[in-house]
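Trainee: Sharing coords38.txt (compact mmCIF, C-alpha atoms) below.
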```
# COMPACT_ATOMS: atom_id res chain seq x y z
CA MET A 20 39.03 21.84 91.18
CA ASP A 21 39.65 23.90 94.31
CA GLU A 22 38.93 23.08 97.94
CA ALA A 23 35.64 24.99 98.12
CA SER A 24 34.28 23.24 95.02
CA CYS A 25 35.42 19.89 96.36
CA LEU A 26 33.70 20.51 99.70
CA PHE A 27 30.50 21.63 98.00
CA VAL A 28 30.38 18.40 95.98
CA LEU A 29 31.16 16.37 99.11
CA SER A 30 28.30 18.14 100.89
CA LEU A 31 25.91 17.06 98.12
CA LEU A 32 27.27 13.51 98.06
CA MET A 33 26.94 13.26 101.82
CA ASP A 34 23.19 13.77 101.41
CA GLY A 35 22.93 11.46 98.42
CA ARG A 36 22.27 14.27 95.98
CA PRO A 37 22.84 13.53 92.29
CA VAL A 38 26.15 14.87 91.02
CA GLU A 39 27.62 14.56 87.55
CA PRO A 40 29.96 11.54 87.49
CA ALA A 41 32.90 13.60 86.20
CA LEU A 42 32.43 16.15 88.99
CA GLU A 43 32.16 13.42 91.58
CA ARG A 44 35.35 11.76 90.36
CA ALA A 45 37.20 15.07 90.40
CA ALA A 46 35.99 15.87 93.93
CA ARG A 47 36.91 12.44 95.27
CA ALA A 48 40.34 12.64 93.63
CA TYR A 49 40.91 16.09 95.11
CA ALA A 50 39.76 14.95 98.56
CA ALA A 51 42.04 11.91 98.40
CA SER A 52 45.04 14.15 97.97
CA HIS A 53 43.88 16.82 100.45
CA PRO A 54 43.36 15.44 103.95
CA GLU A 55 41.68 18.68 105.04
CA CYS A 56 38.71 17.81 102.80
CA GLU A 57 38.45 14.37 104.34
CA ARG A 58 38.55 15.91 107.81
CA ALA A 59 35.85 18.40 106.91
CA LEU A 60 33.64 15.61 105.65
CA ALA A 61 34.21 13.60 108.84
CA ASP A 62 33.34 16.66 110.95
CA TRP A 63 30.19 17.30 108.96
CA GLN A 64 29.08 13.72 109.40
CA ALA A 65 29.66 13.95 113.14
CA GLN A 66 27.82 17.28 113.27
CA SER A 67 24.96 15.72 111.37
CA ALA A 68 24.80 12.75 113.71
CA ALA A 69 24.82 15.02 116.76
CA LEU A 70 21.95 17.08 115.40
CA ALA A 71 19.93 14.06 114.28
CA ALA A 72 20.13 12.65 117.80
CA ALA A 73 18.01 15.47 119.23
CA PRO A 74 14.84 13.91 120.62
CA PRO A 75 11.44 15.01 119.33
CA ARG A 76 9.08 16.94 121.55
CA THR A 77 5.65 15.80 122.57
CA ALA A 78 2.69 18.00 123.37
CA SER A 79 1.69 18.37 126.99
CA ALA A 80 -1.68 17.12 128.16
CA GLY A 81 -4.48 19.44 127.15
CA PHE A 82 -2.62 21.02 124.24
CA THR A 83 -5.31 20.08 121.71
CA GLU A 84 -8.06 21.41 123.96
CA ARG A 85 -6.21 24.71 124.41
CA VAL A 86 -5.80 25.12 120.66
CA LEU A 87 -9.44 24.26 120.00
CA ALA A 88 -10.59 26.64 122.72
CA ALA A 89 -8.46 29.43 121.26
CA ALA A 90 -9.72 28.62 117.76
CA GLY A 91 -13.31 28.54 119.02
CA VAL A 92 -12.89 31.99 120.54
CA ALA A 93 -10.95 33.36 117.62
CA ALA A 94 -13.46 32.35 114.95
CA PRO A 95 -16.48 34.32 116.24
CA VAL A 96 -14.25 37.27 117.07
CA ARG A 97 -12.99 37.32 113.52
CA ALA A 98 -16.52 37.05 112.17
CA VAL A 99 -17.80 39.81 114.41
CA ALA A 100 -14.78 41.98 113.82
CA ALA A 101 -15.04 41.63 110.07
CA ARG A 102 -18.55 43.02 109.89
CA PRO A 103 -18.10 46.25 111.86
CA VAL A 104 -15.20 47.26 109.64
CA GLU A 105 -17.58 47.50 106.69
CA ALA A 106 -20.35 48.97 108.81
CA GLN A 107 -17.96 51.53 110.27
CA ALA A 108 -16.73 52.53 106.83
CA HIS A 109 -20.30 53.09 105.71
CA PHE A 110 -21.11 55.07 108.87
CA THR A 111 -17.94 57.14 108.49
CA ARG A 112 -18.87 58.02 104.92
CA GLN A 113 -22.35 59.08 106.06
CA ARG A 114 -20.88 61.27 108.81
CA ALA A 115 -18.46 62.88 106.40
CA VAL A 116 -21.26 63.76 103.98
CA ALA A 117 -23.43 65.13 106.81
CA ALA A 118 -20.55 67.26 108.11
CA GLY A 119 -19.93 68.62 104.62
CA ILE A 120 -23.59 69.58 104.17
CA ALA A 121 -23.70 71.27 107.61
CA LEU A 122 -20.57 73.25 106.82
CA LEU A 123 -22.00 74.37 103.49
CA LEU A 124 -25.28 75.49 105.10
CA ARG A 125 -23.40 77.41 107.78
CA LEU A 126 -21.30 79.13 105.12
CA VAL A 127 -24.42 80.16 103.19
CA VAL A 128 -26.07 81.54 106.35
CA VAL A 129 -22.96 83.50 107.36
CA LEU A 130 -22.52 84.97 103.91
CA ALA A 131 -26.21 85.89 103.67
CA ARG A 132 -26.38 87.53 107.11
CA PRO A 133 -22.97 88.80 108.16
CA ALA A 134 -22.89 89.54 111.89
CA ASP A 135 -21.72 92.85 113.34
CA LEU A 136 -18.04 92.95 114.08
CA ARG A 137 -17.59 93.12 117.78
CA ALA A 138 -14.41 92.80 119.78
CA ASP A 139 -14.70 90.53 122.72
CA ALA A 140 -14.60 91.79 126.30
CA GLY A 141 -10.88 91.13 126.68
CA ILE A 142 -9.97 93.21 123.65
CA GLN A 143 -12.23 96.05 124.78
CA ARG A 144 -10.62 96.05 128.20
CA HIS A 145 -7.17 96.11 126.69
CA ARG A 146 -8.09 98.93 124.36
CA HIS A 147 -9.54 100.92 127.26
CA ALA A 148 -6.35 100.46 129.27
CA VAL A 149 -4.15 101.58 126.41
CA ASP A 150 -6.36 104.53 125.62
CA GLY A 151 -6.28 105.62 129.27
CA PHE A 152 -2.65 106.59 128.87
CA ARG A 153 -3.29 108.82 125.88
CA ALA A 154 -5.37 111.96 125.45
CA SER A 155 -5.96 110.94 121.84
CA PRO A 156 -4.95 108.04 119.63
CA PHE A 157 -2.17 110.19 118.19
CA ALA A 158 -0.89 111.70 121.46
CA PRO A 159 2.16 110.32 123.26
CA ASP A 160 1.63 108.17 126.36
CA ASP A 161 1.10 110.15 129.60
CA ILE A 162 1.87 107.55 132.23
CA ASP A 163 1.16 109.73 135.27
CA ALA A 164 -2.21 110.85 133.98
CA GLY A 165 -3.07 107.32 132.95
CA LEU A 166 -2.27 105.85 136.39
CA ARG A 167 -4.16 108.61 138.16
CA ALA A 168 -7.20 107.97 135.96
CA ARG A 169 -6.90 104.23 136.66
CA LEU A 170 -7.04 104.86 140.43
CA LEU A 171 -10.43 106.41 139.87
CA ASP A 172 -11.63 103.80 137.42
CA ALA A 173 -14.17 101.39 138.89
CA GLU A 174 -13.21 98.84 136.31
CA PHE A 175 -9.76 98.61 137.93
CA GLY A 176 -11.20 98.21 141.41
CA ALA A 177 -11.50 101.88 142.50
CA ARG A 178 -14.30 102.59 144.97
CA PRO A 179 -16.00 105.99 145.08
CA GLY A 180 -14.27 108.21 147.66
CA SER A 181 -11.34 105.89 148.23
CA HIS A 182 -8.91 108.17 146.39
CA PRO A 183 -8.70 111.91 146.17
CA MET B 9 -3.10 18.49 98.37
CA ARG B 10 -3.42 14.75 98.58
CA ASP B 11 -6.73 13.30 97.44
CA ASP B 12 -7.35 11.75 100.82
CA GLU B 13 -7.06 15.20 102.44
CA ARG B 14 -9.86 16.80 100.42
CA PRO B 15 -12.73 15.64 102.66
CA LEU B 16 -10.82 16.77 105.74
CA VAL B 17 -10.10 20.18 104.23
CA ALA B 18 -13.77 20.53 103.30
CA ARG B 19 -14.77 19.73 106.88
CA LEU B 20 -12.25 22.24 108.20
CA ARG B 21 -13.60 24.92 105.90
CA ALA B 22 -17.09 24.07 107.07
CA GLY B 23 -15.90 24.81 110.61
CA GLU B 24 -16.37 21.30 111.91
CA GLN B 25 -14.77 21.18 115.34
CA GLU B 26 -13.97 17.47 115.10
CA ALA B 27 -11.92 18.11 111.96
CA TYR B 28 -9.89 20.73 113.82
CA ARG B 29 -9.29 18.21 116.59
CA GLU B 30 -8.11 15.58 114.09
CA ILE B 31 -5.61 17.99 112.59
CA VAL B 32 -4.20 19.15 115.91
CA ASP B 33 -4.00 15.62 117.29
CA ALA B 34 -2.28 14.33 114.17
CA TYR B 35 0.30 17.09 113.75
CA ARG B 36 0.87 18.63 117.18
CA ASP B 37 4.03 16.72 118.16
CA ARG B 38 5.82 17.39 114.87
CA ILE B 39 4.75 21.02 114.89
CA ILE B 40 5.87 21.55 118.49
CA THR B 41 9.17 19.80 117.74
CA VAL B 42 10.04 21.90 114.71
CA VAL B 43 8.93 25.10 116.42
CA ALA B 44 11.10 24.28 119.45
CA ARG B 45 14.09 23.60 117.22
CA VAL B 46 13.72 26.63 114.99
CA ALA B 47 12.75 29.05 117.77
CA GLY B 48 15.52 27.75 120.03
CA PRO B 49 16.07 28.57 123.68
CA GLY B 50 13.70 30.77 125.61
CA ALA B 51 10.76 30.05 123.34
CA ASP B 52 7.54 28.57 124.58
CA ALA B 53 7.19 25.99 121.83
CA GLU B 54 3.60 25.13 122.70
CA ASP B 55 2.53 28.76 122.57
CA LEU B 56 4.20 29.19 119.19
CA ALA B 57 2.71 25.93 117.92
CA GLN B 58 -0.71 27.09 119.05
CA ASP B 59 -0.16 30.37 117.19
CA ALA B 60 0.78 28.40 114.10
CA PHE B 61 -2.37 26.28 114.26
CA LEU B 62 -4.54 29.36 114.75
CA LYS B 63 -2.87 31.11 111.82
CA ALA B 64 -3.46 28.04 109.68
CA PHE B 65 -7.12 27.81 110.69
CA ALA B 66 -7.61 31.50 109.99
CA ALA B 67 -5.99 31.14 106.56
CA LEU B 68 -7.74 27.95 105.46
CA ASP B 69 -9.54 29.84 102.70
CA ARG B 70 -6.13 30.66 101.23
CA PHE B 71 -4.92 27.04 101.26
CA ASP B 72 -4.70 26.35 97.54
CA GLY B 73 -3.88 22.66 97.77
CA ARG B 74 -0.60 22.89 95.88
CA SER B 75 1.13 21.22 98.80
CA ALA B 76 -0.01 18.67 101.32
CA LEU B 77 -2.01 20.08 104.21
CA PHE B 78 0.65 19.04 106.70
CA THR B 79 3.40 20.73 104.66
CA TRP B 80 1.34 23.90 104.53
CA ILE B 81 0.75 23.96 108.30
CA TYR B 82 4.37 22.98 108.90
CA ARG B 83 5.54 25.92 106.76
CA ILE B 84 3.34 28.28 108.78
CA ALA B 85 4.86 26.84 111.96
CA VAL B 86 8.42 27.32 110.68
CA ASN B 87 7.65 30.91 109.71
CA THR B 88 6.02 31.56 113.09
CA ALA B 89 9.16 30.28 114.82
CA ARG B 90 11.44 32.31 112.53
CA ASP B 91 9.43 35.44 113.25
CA TRP B 92 9.92 34.74 116.93
CA VAL B 93 13.67 34.32 116.39
CA ASP B 94 13.79 37.68 114.58
CA TYR B 95 11.89 39.27 117.46
CA ARG B 96 14.17 37.67 120.04
CA ARG B 97 17.33 38.75 118.24
CA ARG B 98 16.10 42.34 118.28
CA ARG B 99 15.31 42.02 121.99
CA PRO B 100 17.75 39.55 123.51
CA VAL B 101 16.77 37.75 126.70
CA VAL B 102 18.54 35.25 128.89
CA PRO B 103 17.32 31.75 128.01
CA LEU B 104 15.74 29.82 130.85
CA GLU B 105 15.85 26.38 129.28
CA GLY B 106 17.92 24.31 126.89
CA THR B 107 17.79 24.95 123.19
CA PHE B 108 16.11 21.78 122.17
CA GLY B 109 14.53 21.49 125.58
CA GLY B 110 11.98 19.01 126.68
CA PRO B 111 12.79 15.44 127.49
CA SER B 112 16.29 14.18 127.90
CA GLU B 113 17.79 12.30 125.01
CA PRO B 114 17.47 8.54 124.73
CA VAL B 115 20.29 6.80 126.51
CA ASP B 116 22.12 3.90 124.92
CA PRO B 117 22.55 1.42 127.80
CA SER B 118 25.35 -0.41 126.02
CA ALA B 119 27.59 2.66 125.74
CA PRO B 120 30.28 3.15 128.41
CA PRO B 121 29.64 6.14 130.74
CA GLY B 122 32.72 8.05 129.56
CA GLU B 123 31.69 7.72 125.95
CA LEU B 124 28.16 8.81 126.80
CA ALA B 125 29.42 11.95 128.54
CA GLU B 126 31.70 12.76 125.61
CA ARG B 127 28.89 12.26 123.15
CA ASP B 128 26.51 14.42 125.19
CA GLU B 129 29.16 17.11 125.37
CA LEU B 130 29.65 17.01 121.62
CA ARG B 131 25.90 17.21 121.00
CA ALA B 132 25.57 20.14 123.37
CA SER B 133 28.48 21.92 121.65
CA VAL B 134 27.02 21.33 118.20
CA ARG B 135 23.61 22.61 119.23
CA ASP B 136 25.07 25.68 120.90
CA ALA B 137 26.98 26.39 117.69
CA VAL B 138 23.78 26.00 115.66
CA GLU B 139 22.27 28.76 117.79
CA ARG B 140 25.05 31.08 116.66
CA LEU B 141 24.50 30.42 112.96
CA ALA B 142 22.98 33.26 111.02
CA GLU B 143 19.66 32.96 109.26
CA PRO B 144 18.70 31.54 106.84
CA PHE B 145 21.50 29.01 107.19
CA ARG B 146 20.41 28.00 110.67
CA THR B 147 16.84 27.10 109.72
CA THR B 148 17.99 25.31 106.57
CA LEU B 149 20.39 23.18 108.59
CA ILE B 150 17.77 22.41 111.24
CA LEU B 151 15.21 21.36 108.65
CA ARG B 152 17.70 19.09 106.92
CA GLU B 153 19.78 17.67 109.78
CA MET B 154 17.35 17.64 112.69
CA GLU B 155 14.00 17.35 110.98
CA GLY B 156 15.34 15.02 108.32
CA HIS B 157 13.65 16.67 105.35
CA SER B 158 14.81 16.10 101.80
CA TYR B 159 16.24 19.00 99.82
CA GLU B 160 12.98 19.21 97.90
CA GLU B 161 10.96 19.45 101.10
CA VAL B 162 13.26 22.07 102.59
CA ALA B 163 12.94 24.09 99.38
CA GLU B 164 9.15 23.87 99.52
CA ILE B 165 8.95 24.77 103.21
CA LEU B 166 11.24 27.78 102.86
CA GLY B 167 9.92 28.79 99.45
CA VAL B 168 13.34 28.72 97.76
CA SER B 169 14.94 26.73 94.96
CA ILE B 170 16.76 23.46 95.48
CA GLY B 171 19.98 25.14 94.36
CA THR B 172 19.53 27.66 97.16
CA VAL B 173 19.05 24.85 99.66
CA GLU B 174 22.23 23.13 98.42
CA SER B 175 24.19 26.34 98.75
CA ARG B 176 22.78 27.31 102.15
CA LEU B 177 23.33 23.85 103.56
CA PHE B 178 26.92 23.77 102.38
CA ARG B 179 27.63 27.19 103.87
CA ALA B 180 25.85 26.24 107.09
CA ARG B 181 28.07 23.16 107.47
CA VAL B 182 31.22 25.13 106.80
CA LYS B 183 30.22 27.86 109.25
CA LEU B 184 29.10 25.38 111.91
CA ARG B 185 32.41 23.57 111.70
CA ALA B 186 34.28 26.89 111.99
CA LEU B 187 32.26 27.82 115.09
CA LEU B 188 33.06 24.46 116.66
CA GLU B 189 36.75 24.87 115.87
CA GLN B 190 36.67 28.27 117.54
CA ALA B 191 35.25 26.53 120.60
CA GLY B 192 38.01 23.92 120.42
CA VAL B 193 35.67 21.11 119.34
CA ARG B 194 36.47 18.67 116.54
CA PRO B 195 33.26 16.71 115.90
CA GLY B 196 34.99 14.11 113.73
CA GLY B 197 37.79 13.59 116.26
CA GLU B 198 41.46 14.51 116.05
CA PRO B 199 43.11 13.88 112.66
```
Starting from the coordinates I provided, produce the structure as structure tokens.

Mentor:
Amino acid sequence: MDEASCLFVLSLLMDGRPVEPALERAARAYAASHPECERALADWQAQSAALAAAPPRTASAGFTERVLAAAGVAAPVRAVAARPVEAQAHFTRQRAVAAGIALLLRLVVVLARPADLRADAGIQRHRHAVDGFRASPFAPDDIDAGLRARLLDAEFGARPGSHP
Amino acid sequence: MRDDERPLVARLRAGEQEAYREIVDAYRDRIITVVARVAGPGADAEDLAQDAFLKAFAALDRFDGRSALFTWIYRIAVNTARDWVDYRRRRPVVPLEGTFGGPSEPVDPSAPPGELAERDELRASVRDAVERLAEPFRTTLILREMEGHSYEEVAEILGVSIGTVESRLFRARVKLRALLEQAGVRPGGEP
């Protein structure tokens, strides 16, 4: 037997746990010849006594009422909260189906009656500005001519007669 | 579940307020005590005990009667306190009150003052060392040494085997003694 095994058996014996007689004899014999084991056991017993001396706590006045009040509030909340979860799941499913049907209808309408392709006002303005610098889509940019034309362009803030 | 608890459990499940009151009145001190011991310093034991009762009430439908009602609620309380300890160890705070808080310990009028002071000092050192024990050794030791449970009860409360309790308790004692030695304390006195 080694020290750790001896101490383990002593720990069990200290609490009155059943130990095989041969193991108990071996542990006691080892401890008798190894004072460190005896000291460990004495320390454990003192530790145990110190811990067992801790006084119990008692509830403050009104503790029961506080618990019952909290339980009384918690119970209806749980009951109410449990129902909407199912109701919400049902409602969410309904909304998902409705959204799917609406999307499908929209797709059918779009495919049946395709709208004319039109650039929005911003794109048209940009295209106009770019084109103003070119005589044709294939011509190189003429910056001077483009700026002069822009000075006369009402869309860029030119007023009639303000520029030559 | 004990036979004499069946009517009470039925009343609890029926939502009878008086049954809830009986349970809280009967168990509150032991629940608060174990929660205070397991949660340690800085914990509001009454708040945690209240949480434990509320958890138990909310889970009554899952109480299968394999253990006594008190053991079942007690286990919930221990787990509530251990959860709090885990939370606290992730977010350390400075404790505002003593570990095992509450009332002062009973004083033995026959003991000489010097001996009393020495004993109080030893108890304080031991309890401080318990706070430094790692889980699950700390809770196992508290349930055995402070709460006075048998190995079988500790095993049932923690949901482990008796062999595990034996092993954890042994290691807890060894570690606690080492921590005390580091602090220069010999609980059993000088050799």

Trainee: Pick the closest to chain A from B:Glu164, B:Asp94, B:Glu126, B:Glu174: which is it, counting only C-alpha atoms?

Mentor: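 Counting only C-alpha atoms, the residue closest to chain A is B:Glu174.
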
Trainee: With only C-alpha atoms considered, list every residue of chain A at most 10 Å from chain B, as a PyMOL selection string.

Mentor: chain A and resi 23+26-31+34-36+54-55+57-79+82-87+89-91+93-94+97

Trainee: Could you state the separation of atom CA of Ser24 of chain A and atom CA of Leu42 of chain A in Å, given to one decimal place?

Mentor: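 Answer for the atom CA of Ser24 of chain A to atom CA of Leu42 of chain A separation: 9.5 Å.
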
Trainee: Of the residues A:Ala131, A:Met20, A:Arg47, A:Ala121, which is the one nearest to Met33 of chain A, using only C-alpha atoms?

Mentor: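 For Met33 of chain A, the nearest of the given residues is A:Arg47.
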
Trainee: Find the distance between atom CA of Glu189 of chain B and atom CA of Ala163 of chain B and write it in Å to one decimal.

Mentor: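 Atom-to-atom, atom CA of Glu189 of chain B and atom CA of Ala163 of chain B are spaced 29.0 Å apart.
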
Trainee: What separation in Å, quoted to one decimal, exists between atom CA of Ala140 of chain A and atom CA of Ala168 of chain A?

Mentor: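 Calculated distance between atom CA of Ala140 of chain A and atom CA of Ala168 of chain A is 20.2 Å.
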
Trainee: Write out as a PyMOL selection string which residues come within 9 Å of Leu166 of chain B when counting all atoms listed in the file, dropping same-chain ones fewer than 4 positions away.

Mentor: chain B and resi 83+86-87+147-148+161-162+173

Trainee: Measuring atom to atom with all atoms listed in the file, identify which of B:Arg96, B:Glu13, B:Gly48, B:Arg90 is nearest to Phe78 of chain B.

Mentor: B:Glu13

Trainee: Excluding Asp161 of chain A and any residue of its chain fewer than 5 positions from it, enumerate the residues within 10 Å of it, using only C-alpha atoms, and give them as an MDAnalysis selection string.

Mentor: chainID A and resid 151:154 166
